[in-house]
$ cat start.cif   # mmCIF, C-alpha atoms
data_work
#
loop_
_atom_site.label_atom_id
_atom_site.label_comp_id
_atom_site.auth_asym_id
_atom_site.auth_seq_id
_atom_site.Cartn_x
_atom_site.Cartn_y
_atom_site.Cartn_z
CA MET A 1 -166.00 20.97 48.07
CA LYS A 2 -162.58 22.54 47.82
CA LYS A 3 -160.12 23.57 45.14
CA ARG A 4 -156.78 25.33 45.02
CA PHE A 5 -156.25 27.75 42.15
CA ASN A 6 -152.68 28.54 41.18
CA PRO A 7 -151.81 31.00 39.77
CA ILE A 8 -154.76 33.30 40.39
CA LYS A 9 -153.94 36.29 38.25
CA ASP A 10 -156.96 37.01 35.99
CA LYS A 11 -158.75 33.95 37.42
CA SER A 12 -161.40 35.75 39.50
CA SER A 13 -164.22 34.75 37.22
CA GLU A 14 -163.21 31.07 37.16
CA ILE A 15 -162.91 30.97 40.96
CA ILE A 16 -166.28 32.70 41.48
CA GLU A 17 -168.03 30.33 39.04
CA PHE A 18 -166.43 27.30 40.74
CA LEU A 19 -167.93 28.35 44.07
CA MET A 20 -171.31 29.29 42.60
CA ALA A 21 -171.51 25.81 40.99
CA SER A 22 -170.97 24.04 44.31
CA PRO A 23 -173.79 21.63 45.24
CA ASP A 24 -173.75 23.30 48.67
CA MET A 25 -175.14 26.49 47.13
CA PRO A 26 -178.87 27.25 47.44
CA GLN A 27 -181.10 27.61 44.37
CA ASP A 28 -182.98 30.71 45.54
CA ASP A 29 -182.11 33.64 43.29
CA ALA A 30 -182.12 36.31 46.00
CA LEU A 31 -179.80 34.24 48.20
CA ARG A 32 -177.52 33.43 45.27
CA PHE A 33 -177.26 37.14 44.49
CA LYS A 34 -176.01 37.87 48.03
CA LEU A 35 -173.62 34.92 47.95
CA ARG A 36 -172.23 35.80 44.51
CA LEU A 37 -171.64 39.37 45.62
CA SER A 38 -169.85 38.31 48.81
CA ILE A 39 -167.78 35.74 46.95
CA GLU A 40 -166.80 38.19 44.22
CA GLU A 41 -165.71 40.83 46.72
CA ALA A 42 -163.72 38.36 48.84
CA VAL A 43 -162.06 36.66 45.86
CA GLU A 44 -161.21 39.97 44.20
CA ASN A 45 -159.59 41.12 47.40
CA VAL A 46 -157.16 38.21 47.27
CA VAL A 47 -156.59 38.23 43.52
CA ARG A 48 -155.83 41.97 43.47
CA TYR A 49 -153.97 42.50 46.69
CA ALA A 50 -152.69 39.31 48.34
CA TYR A 51 -149.72 38.65 46.09
CA ASP A 52 -147.31 40.98 44.40
CA GLY A 53 -148.24 40.72 40.72
CA GLY A 54 -150.96 38.17 41.42
CA ILE A 55 -148.54 35.26 41.44
CA GLY A 56 -149.74 32.90 44.14
CA TRP A 57 -152.50 30.50 45.10
CA LEU A 58 -156.00 30.74 46.52
CA GLU A 59 -157.82 27.77 47.98
CA VAL A 60 -161.58 28.08 48.16
CA GLY A 61 -164.17 25.76 49.61
CA THR A 62 -167.79 25.43 50.63
CA ASN A 63 -169.47 23.41 53.33
CA LEU A 64 -173.17 23.04 54.07
CA ASP A 65 -174.27 21.84 57.49
CA HIS A 66 -177.43 19.95 56.62
CA ASP A 67 -178.88 20.20 60.14
CA SER A 68 -178.48 23.93 60.68
CA LEU A 69 -178.53 24.81 56.94
CA ILE A 70 -175.54 27.06 57.53
CA LEU A 71 -173.37 27.45 54.47
CA THR A 72 -169.70 28.18 55.09
CA ILE A 73 -167.41 29.62 52.43
CA GLU A 74 -163.70 29.62 53.15
CA LEU A 75 -160.85 31.35 51.33
CA ARG A 76 -157.24 30.60 52.17
CA ASP A 77 -154.15 32.22 50.66
CA ALA A 78 -150.47 32.56 51.50
CA GLY A 79 -150.19 36.20 50.54
CA VAL A 80 -149.36 39.27 52.58
CA PRO A 81 -150.99 39.00 56.02
CA PHE A 82 -154.09 41.15 55.77
CA ASN A 83 -157.17 41.30 57.93
CA PRO A 84 -159.86 42.91 55.76
CA LEU A 85 -162.17 43.20 58.77
CA GLU A 86 -159.87 45.81 60.28
CA MET A 87 -160.66 48.23 57.46
CA ASP A 88 -162.98 51.06 58.44
CA ASP A 89 -166.49 50.88 57.05
CA PRO A 90 -167.26 53.62 54.53
CA ASP A 91 -169.27 56.59 55.80
CA ILE A 92 -172.49 55.99 53.91
CA THR A 93 -174.01 59.30 55.03
CA LEU A 94 -171.65 61.47 52.99
CA SER A 95 -172.69 63.35 49.84
CA ALA A 96 -171.58 62.17 46.40
CA GLU A 97 -168.97 64.92 46.32
CA ASP A 98 -167.47 63.76 49.62
CA ARG A 99 -167.72 60.00 49.13
CA GLU A 100 -164.45 58.28 48.34
CA ILE A 101 -164.38 55.94 45.38
CA GLY A 102 -163.80 52.37 46.52
CA GLY A 103 -163.66 50.63 49.89
CA LEU A 104 -167.06 49.01 49.48
CA GLY A 105 -166.13 45.38 48.82
CA ILE A 106 -165.62 43.97 52.29
CA PHE A 107 -168.36 46.23 53.62
CA LEU A 108 -170.77 44.50 51.23
CA CYS A 109 -169.56 41.06 52.40
CA LYS A 110 -170.29 42.05 55.99
CA LYS A 111 -173.78 43.21 55.09
CA MET A 112 -174.69 40.30 52.83
CA MET A 113 -173.39 37.42 54.98
CA ASP A 114 -174.47 36.42 58.50
CA SER A 115 -170.91 36.26 59.77
CA ILE A 116 -167.42 36.88 58.48
CA ASN A 117 -164.25 35.92 60.31
CA TYR A 118 -160.55 36.24 59.64
CA ARG A 119 -157.59 34.42 61.11
CA TYR A 120 -153.90 34.11 60.22
CA GLU A 121 -152.65 30.58 60.67
CA ASP A 122 -149.53 28.72 59.51
CA GLY A 123 -148.64 31.56 57.17
CA ASN A 124 -152.11 31.65 55.60
CA ASN A 125 -154.84 34.26 55.54
CA ILE A 126 -158.11 32.45 56.21
CA LEU A 127 -161.41 34.21 55.62
CA THR A 128 -164.57 32.37 56.61
CA MET A 129 -168.05 33.59 55.75
CA THR A 130 -171.33 31.97 56.77
CA LYS A 131 -174.94 32.32 55.68
CA LYS A 132 -178.11 30.50 56.67
CA VAL A 133 -179.55 29.16 53.42
CA MET B 1 -173.02 43.33 30.36
CA ASP B 2 -174.45 45.20 27.40
CA VAL B 3 -174.47 48.99 27.33
CA THR B 4 -176.32 51.14 24.83
CA ILE B 5 -176.06 54.90 24.81
CA SER B 6 -178.29 57.13 22.70
CA ASN B 7 -179.05 60.84 22.47
CA GLN B 8 -182.51 62.27 22.09
CA ASP B 9 -183.79 65.80 22.71
CA ASN B 10 -180.60 66.76 24.58
CA LYS B 11 -181.01 63.80 26.91
CA ILE B 12 -178.64 60.87 27.11
CA PHE B 13 -180.34 57.51 27.46
CA VAL B 14 -178.28 54.60 28.76
CA THR B 15 -179.56 51.04 28.87
CA LEU B 16 -177.73 48.43 30.93
CA SER B 17 -178.33 44.69 30.74
CA GLY B 18 -176.65 41.71 32.33
CA ARG B 19 -174.16 41.47 35.17
CA LEU B 20 -171.78 44.30 35.98
CA ASP B 21 -168.85 42.70 37.76
CA THR B 22 -165.11 42.38 37.92
CA THR B 23 -164.93 40.81 34.46
CA ASN B 24 -166.44 43.75 32.62
CA ALA B 25 -166.04 46.81 34.85
CA ASP B 26 -163.07 48.07 32.83
CA GLN B 27 -165.10 47.84 29.63
CA PHE B 28 -168.02 49.62 31.28
CA GLN B 29 -165.67 52.40 32.39
CA GLN B 30 -164.62 52.87 28.76
CA ASP B 31 -168.24 52.75 27.63
CA ILE B 32 -169.25 55.61 29.92
CA ALA B 33 -166.06 57.67 29.52
CA SER B 34 -167.68 59.96 26.96
CA LEU B 35 -170.50 60.77 29.43
CA MET B 36 -167.93 62.23 31.81
CA GLU B 37 -166.90 64.86 29.31
CA CYS B 38 -170.35 66.34 28.66
CA ASP B 39 -171.29 69.80 29.88
CA LYS B 40 -174.54 69.84 31.88
CA PRO B 41 -175.40 66.25 30.93
CA ASP B 42 -178.94 64.99 31.47
CA ILE B 43 -178.52 61.25 31.85
CA ASP B 44 -181.27 58.65 32.18
CA ILE B 45 -180.08 55.12 32.96
CA ASP B 46 -182.50 52.23 32.50
CA CYS B 47 -181.51 49.32 34.75
CA SER B 48 -184.48 47.03 33.94
CA ASP B 49 -182.23 44.28 32.65
CA MET B 50 -179.22 44.84 34.91
CA SER B 51 -179.25 41.68 37.00
CA TYR B 52 -176.27 42.35 39.28
CA THR B 53 -173.63 44.82 40.32
CA SER B 54 -170.65 44.40 42.59
CA SER B 55 -168.52 47.12 44.18
CA GLN B 56 -166.72 47.36 40.84
CA GLY B 57 -169.92 48.69 39.31
CA LEU B 58 -170.74 50.92 42.26
CA ARG B 59 -167.43 52.72 42.08
CA LEU B 60 -168.12 53.57 38.43
CA PHE B 61 -171.64 54.83 39.17
CA LEU B 62 -170.12 57.04 41.88
CA MET B 63 -167.45 58.31 39.48
CA LEU B 64 -170.15 59.11 36.95
CA GLN B 65 -172.35 60.85 39.52
CA LYS B 66 -169.41 62.95 40.75
CA SER B 67 -168.63 63.91 37.16
CA VAL B 68 -172.25 64.78 36.38
CA LEU B 69 -172.50 67.03 39.45
CA SER B 70 -169.20 68.75 38.74
CA HIS B 71 -170.41 69.45 35.18
CA GLY B 72 -173.70 70.91 36.43
CA GLY B 73 -175.78 68.06 35.07
CA LYS B 74 -178.25 65.52 36.41
CA MET B 75 -178.62 61.78 36.36
CA VAL B 76 -181.36 59.32 37.24
CA MET B 77 -181.29 55.53 37.41
CA ARG B 78 -184.59 53.74 36.92
CA ASN B 79 -186.20 50.30 37.13
CA MET B 80 -183.63 48.59 39.32
CA ASN B 81 -184.47 45.05 40.37
CA PRO B 82 -184.92 44.61 44.14
CA GLN B 83 -181.54 42.95 44.69
CA VAL B 84 -179.60 45.65 42.87
CA LYS B 85 -181.63 48.32 44.69
CA GLU B 86 -180.70 46.71 48.01
CA VAL B 87 -177.00 47.05 47.14
CA PHE B 88 -177.55 50.75 46.47
CA ASP B 89 -179.50 51.10 49.73
CA ILE B 90 -176.96 49.29 51.91
CA THR B 91 -174.07 51.35 50.61
CA GLY B 92 -175.89 54.66 50.92
CA PHE B 93 -175.81 55.11 47.14
CA SER B 94 -179.59 55.54 47.14
CA ASN B 95 -179.00 58.84 48.96
CA ILE B 96 -176.47 60.20 46.50
CA ILE B 97 -177.93 58.97 43.21
CA THR B 98 -181.52 59.63 42.15
CA ILE B 99 -183.26 56.29 41.75
CA ILE B 100 -186.80 56.22 40.39
#

$ encode --input "start.cif" --output "structure tokens"
Amino acid sequence: MKKRFNPIKDKSSEIIEFLMASPDMPQDDALRFKLRLSIEEAVENVVRYAYDGGIGWLEVGTNLDHDSLILTIELRDAGVPFNPLEMDDPDITLSAEDREIGGLGIFLCKKMMDSINYRYEDGNNILTMTKKV
Amino acid sequence: MDVTISNQDNKIFVTLSGRLDTTNADQFQQDIASLMECDKPDIDIDCSDMSYTSSQGLRLFLMLQKSVLSHGGKMVMRNMNPQVKEVFDITGFSNIITII
């Protein structure tokens, strides 16, 4: 299941709900929570930062391998080349006073999904996340 | 996301219900703005009906906690569902916010 959204400014919610409604998605509430969180963080990252002013497209898709039960979620955009996996993880041992506000989104994706990969190909950022469902 | 804020015996009770996400984080920030101006606030947040939070919610809880500490106050969050609690655990927020 795949769809290209264009433009994407203020469309985060629509894009997230499209993915959550995919027949590839599991029914289990705890799994859906983790998937929704990862999807929201990844989609927000593109909607907020990929394009200047949010004018651009985002193609999202899901695929479920019925043998391995591995769900793959892919996001593709033509925005500024950006590998979110190169961002440093937040230091989660700091006190409230010393913690910086923000920088948690991709960290949560990494923790909630089984794998997360990035590649830049043909002028597109491609983020692929997988989870056994 | 529904937010109710009430005062009783010098304590501030906050009740959260629904999903706290990118669609309503700005509204939530406005809802809690007044809490960030209190001197020595004593804030009790009931999360029984909060079904979800993303990083957008976390950043606001951290802002609030920083504000509470800088104003010499205290804050507790209670009755989180297991999934929401896991988000707080993974991000280390369980160590910087009192969760009961």

$ closest_atom_pairs --input "start.cif" --of "chain B" --to "chain A" --cutoff "7 Å" --atoms "all atoms listed in the file" --output "JSON lines"
{"residue": "B:Thr23", "atom": "CA", "partner": "A:Ser13", "partner_atom": "CA", "distance": 6.7}
{"residue": "B:Ser54", "atom": "CA", "partner": "A:Leu37", "partner_atom": "CA", "distance": 6.0}
{"residue": "B:Ser55", "atom": "CA", "partner": "A:Gly105", "partner_atom": "CA", "distance": 5.5}
{"residue": "B:Arg59", "atom": "CA", "partner": "A:Ile101", "partner_atom": "CA", "distance": 5.5}
{"residue": "B:Leu62", "atom": "CA", "partner": "A:Ile101", "partner_atom": "CA", "distance": 6.8}
{"residue": "B:Lys66", "atom": "CA", "partner": "A:Glu97", "partner_atom": "CA", "distance": 5.9}
{"residue": "B:Gln83", "atom": "CA", "partner": "A:Ala30", "partner_atom": "CA", "distance": 6.8}
{"residue": "B:Thr91", "atom": "CA", "partner": "A:Ile92", "partner_atom": "CA", "distance": 5.9}
{"residue": "B:Gly92", "atom": "CA", "partner": "A:Ile92", "partner_atom": "CA", "distance": 4.7}
{"residue": "B:Ile96", "atom": "CA", "partner": "A:Ala96", "partner_atom": "CA", "distance": 5.3}

$ resolve_selection --input "start.cif" --expression "the PyMOL selection byres ((chain A and resi 125-130) around 12)" --output "ChimeraX atom specification"
/A:25,34-35,38-39,41-43,45-46,50-51,57-65,68-85,106,109-124,131-133

$ residues_around --input "start.cif" --residues "B:Met80" --least-positions-apart "3" --cutoff "8 Å" --atoms "only C-alpha atoms" --output "mmCIF file with C-alpha atoms, in the frame of the given file"
data_model
loop_
_atom_site.group_PDB
_atom_site.id
_atom_site.type_symbol
_atom_site.label_atom_id
_atom_site.label_comp_id
_atom_site.auth_asym_id
_atom_site.auth_seq_id
_atom_site.Cartn_x
_atom_site.Cartn_y
_atom_site.Cartn_z
ATOM 1 C CA ASP B 46 -182.500 52.230 32.500
ATOM 2 C CA CYS B 47 -181.510 49.320 34.750
ATOM 3 C CA SER B 48 -184.480 47.030 33.940
ATOM 4 C CA MET B 50 -179.220 44.840 34.910
ATOM 5 C CA MET B 77 -181.290 55.530 37.410
ATOM 6 C CA VAL B 84 -179.600 45.650 42.870
ATOM 7 C CA LYS B 85 -181.630 48.320 44.690
#

$ residues_near_point --input "start.cif" --point "(-148.6, 29.6, 41.8)" --cutoff "6 Å" --atoms "only C-alpha atoms" --output "ChimeraX atom specification"
/A:6-7,55-57

$ write_last_selection --input "start.cif" --atoms "C-alpha atoms" --output "PDB file, keeping the file's coordinate frame"
ATOM      1  CA  ASN A   6    -152.680  28.540  41.180  1.00  0.00           C
ATOM      2  CA  PRO A   7    -151.810  31.000  39.770  1.00  0.00           C
ATOM      3  CA  ILE A  55    -148.540  35.260  41.440  1.00  0.00           C
ATOM      4  CA  GLY A  56    -149.740  32.900  44.140  1.00  0.00           C
ATOM      5  CA  TRP A  57    -152.500  30.500  45.100  1.00  0.00           C
TER       6      TRP A  57
END

$ atom_distance --input "start.cif" --atom1 "atom CA of B:Val76" --atom2 "atom CA of B:Ile97"
6.9 Å

$ axis_aligned_box --input "start.cif" --around "stretch 20-38 of chain B" --padding-each-side "5 Å" --output "AutoDock Vina command-line options"
--center_x -167.4 --center_y 53.6 --center_z 32.4 --size_x 18.7 --size_y 35.5 --size_z 21.0

$ closest_residue --input "start.cif" --among "B:Ile43, B:Leu20, B:Val68, B:Leu58" --to "B:Asp89" --atoms "all atoms listed in the file"
B:Leu58

$ residues_around --input "start.cif" --residues "stretch 4-17 of chain B" --least-positions-apart "4" --cutoff "12 Å" --atoms "only C-alpha atoms" --output "VMD selection string"
chain B and resid 21 28 31 to 36 38 to 53 57 68 73 to 81

$ atom_distance --input "start.cif" --atom1 "atom CA of A:Ile8" --atom2 "atom CA of A:Arg48"
9.3 Å

$ atom_distance --input "start.cif" --atom1 "atom CA of B:Phe93" --atom2 "atom CA of B:Gly72"
19.2 Å

$ build_atoms --input "start.cif" --residues "stretch 69-97 of chain B" --atoms "N, CA and C atoms" --output "PDB file, in the coordinates of the input"
ATOM      1  N   LEU B  69    -172.289  65.885  38.548  1.00  0.00           N
ATOM      2  CA  LEU B  69    -172.500  67.030  39.450  1.00  0.00           C
ATOM      3  C   LEU B  69    -171.485  68.132  39.182  1.00  0.00           C
ATOM      4  N   SER B  70    -170.228  67.729  38.946  1.00  0.00           N
ATOM      5  CA  SER B  70    -169.200  68.750  38.740  1.00  0.00           C
ATOM      6  C   SER B  70    -169.375  69.461  37.392  1.00  0.00           C
ATOM      7  N   HIS B  71    -170.133  68.824  36.470  1.00  0.00           N
ATOM      8  CA  HIS B  71    -170.410  69.450  35.180  1.00  0.00           C
ATOM      9  C   HIS B  71    -171.792  70.111  35.157  1.00  0.00           C
ATOM     10  N   GLY B  72    -172.413  70.225  36.341  1.00  0.00           N
ATOM     11  CA  GLY B  72    -173.700  70.910  36.430  1.00  0.00           C
ATOM     12  C   GLY B  72    -174.852  70.159  35.791  1.00  0.00           C
ATOM     13  N   GLY B  73    -174.741  68.847  35.724  1.00  0.00           N
ATOM     14  CA  GLY B  73    -175.780  68.060  35.070  1.00  0.00           C
ATOM     15  C   GLY B  73    -176.645  67.304  36.062  1.00  0.00           C
ATOM     16  N   LYS B  74    -177.435  66.367  35.536  1.00  0.00           N
ATOM     17  CA  LYS B  74    -178.250  65.520  36.410  1.00  0.00           C
ATOM     18  C   LYS B  74    -178.309  64.108  35.852  1.00  0.00           C
ATOM     19  N   MET B  75    -178.597  63.188  36.755  1.00  0.00           N
ATOM     20  CA  MET B  75    -178.620  61.780  36.360  1.00  0.00           C
ATOM     21  C   MET B  75    -179.668  61.041  37.174  1.00  0.00           C
ATOM     22  N   VAL B  76    -180.440  60.200  36.516  1.00  0.00           N
ATOM     23  CA  VAL B  76    -181.360  59.320  37.240  1.00  0.00           C
ATOM     24  C   VAL B  76    -181.100  57.880  36.798  1.00  0.00           C
ATOM     25  N   MET B  77    -181.328  56.953  37.730  1.00  0.00           N
ATOM     26  CA  MET B  77    -181.290  55.530  37.410  1.00  0.00           C
ATOM     27  C   MET B  77    -182.682  54.994  37.680  1.00  0.00           C
ATOM     28  N   ARG B  78    -183.213  54.204  36.755  1.00  0.00           N
ATOM     29  CA  ARG B  78    -184.590  53.740  36.920  1.00  0.00           C
ATOM     30  C   ARG B  78    -184.724  52.227  36.732  1.00  0.00           C
ATOM     31  N   ASN B  79    -185.795  51.706  37.317  1.00  0.00           N
ATOM     32  CA  ASN B  79    -186.200  50.300  37.130  1.00  0.00           C
ATOM     33  C   ASN B  79    -185.173  49.281  37.616  1.00  0.00           C
ATOM     34  N   MET B  80    -184.556  49.574  38.754  1.00  0.00           N
ATOM     35  CA  MET B  80    -183.630  48.590  39.320  1.00  0.00           C
ATOM     36  C   MET B  80    -184.389  47.393  39.867  1.00  0.00           C
ATOM     37  N   ASN B  81    -183.832  46.194  39.718  1.00  0.00           N
ATOM     38  CA  ASN B  81    -184.470  45.050  40.370  1.00  0.00           C
ATOM     39  C   ASN B  81    -184.195  45.147  41.873  1.00  0.00           C
ATOM     40  N   PRO B  82    -185.003  44.446  42.687  1.00  0.00           N
ATOM     41  CA  PRO B  82    -184.920  44.610  44.140  1.00  0.00           C
ATOM     42  C   PRO B  82    -183.539  44.306  44.720  1.00  0.00           C
ATOM     43  N   GLN B  83    -182.858  43.306  44.157  1.00  0.00           N
ATOM     44  CA  GLN B  83    -181.540  42.950  44.690  1.00  0.00           C
ATOM     45  C   GLN B  83    -180.508  44.041  44.425  1.00  0.00           C
ATOM     46  N   VAL B  84    -180.537  44.575  43.220  1.00  0.00           N
ATOM     47  CA  VAL B  84    -179.600  45.650  42.870  1.00  0.00           C
ATOM     48  C   VAL B  84    -179.923  46.893  43.711  1.00  0.00           C
ATOM     49  N   LYS B  85    -181.214  47.162  43.880  1.00  0.00           N
ATOM     50  CA  LYS B  85    -181.630  48.320  44.690  1.00  0.00           C
ATOM     51  C   LYS B  85    -181.117  48.174  46.122  1.00  0.00           C
ATOM     52  N   GLU B  86    -181.168  46.942  46.638  1.00  0.00           N
ATOM     53  CA  GLU B  86    -180.700  46.710  48.010  1.00  0.00           C
ATOM     54  C   GLU B  86    -179.207  47.049  48.144  1.00  0.00           C
ATOM     55  N   VAL B  87    -178.432  46.722  47.112  1.00  0.00           N
ATOM     56  CA  VAL B  87    -177.000  47.050  47.140  1.00  0.00           C
ATOM     57  C   VAL B  87    -176.812  48.568  47.200  1.00  0.00           C
ATOM     58  N   PHE B  88    -177.624  49.284  46.441  1.00  0.00           N
ATOM     59  CA  PHE B  88    -177.550  50.750  46.470  1.00  0.00           C
ATOM     60  C   PHE B  88    -178.007  51.307  47.823  1.00  0.00           C
ATOM     61  N   ASP B  89    -179.008  50.645  48.424  1.00  0.00           N
ATOM     62  CA  ASP B  89    -179.500  51.100  49.730  1.00  0.00           C
ATOM     63  C   ASP B  89    -178.459  50.882  50.821  1.00  0.00           C
ATOM     64  N   ILE B  90    -177.911  49.664  50.855  1.00  0.00           N
ATOM     65  CA  ILE B  90    -176.960  49.290  51.910  1.00  0.00           C
ATOM     66  C   ILE B  90    -175.734  50.190  51.909  1.00  0.00           C
ATOM     67  N   THR B  91    -175.307  50.567  50.724  1.00  0.00           N
ATOM     68  CA  THR B  91    -174.070  51.350  50.610  1.00  0.00           C
ATOM     69  C   THR B  91    -174.316  52.853  50.666  1.00  0.00           C
ATOM     70  N   GLY B  92    -175.580  53.232  50.855  1.00  0.00           N
ATOM     71  CA  GLY B  92    -175.890  54.660  50.920  1.00  0.00           C
ATOM     72  C   GLY B  92    -175.952  55.324  49.552  1.00  0.00           C
ATOM     73  N   PHE B  93    -175.791  54.527  48.487  1.00  0.00           N
ATOM     74  CA  PHE B  93    -175.810  55.110  47.140  1.00  0.00           C
ATOM     75  C   PHE B  93    -177.205  55.613  46.760  1.00  0.00           C
ATOM     76  N   SER B  94    -178.227  55.070  47.422  1.00  0.00           N
ATOM     77  CA  SER B  94    -179.590  55.540  47.140  1.00  0.00           C
ATOM     78  C   SER B  94    -179.767  56.993  47.563  1.00  0.00           C
ATOM     79  N   ASN B  95    -178.913  57.445  48.487  1.00  0.00           N
ATOM     80  CA  ASN B  95    -179.000  58.840  48.960  1.00  0.00           C
ATOM     81  C   ASN B  95    -178.231  59.804  48.071  1.00  0.00           C
ATOM     82  N   ILE B  96    -177.317  59.295  47.277  1.00  0.00           N
ATOM     83  CA  ILE B  96    -176.470  60.200  46.500  1.00  0.00           C
ATOM     84  C   ILE B  96    -176.728  60.101  44.993  1.00  0.00           C
ATOM     85  N   ILE B  97    -177.546  59.100  44.616  1.00  0.00           N
ATOM     86  CA  ILE B  97    -177.930  58.970  43.210  1.00  0.00           C
ATOM     87  C   ILE B  97    -179.451  58.921  43.173  1.00  0.00           C
TER      88      ILE B  97
END
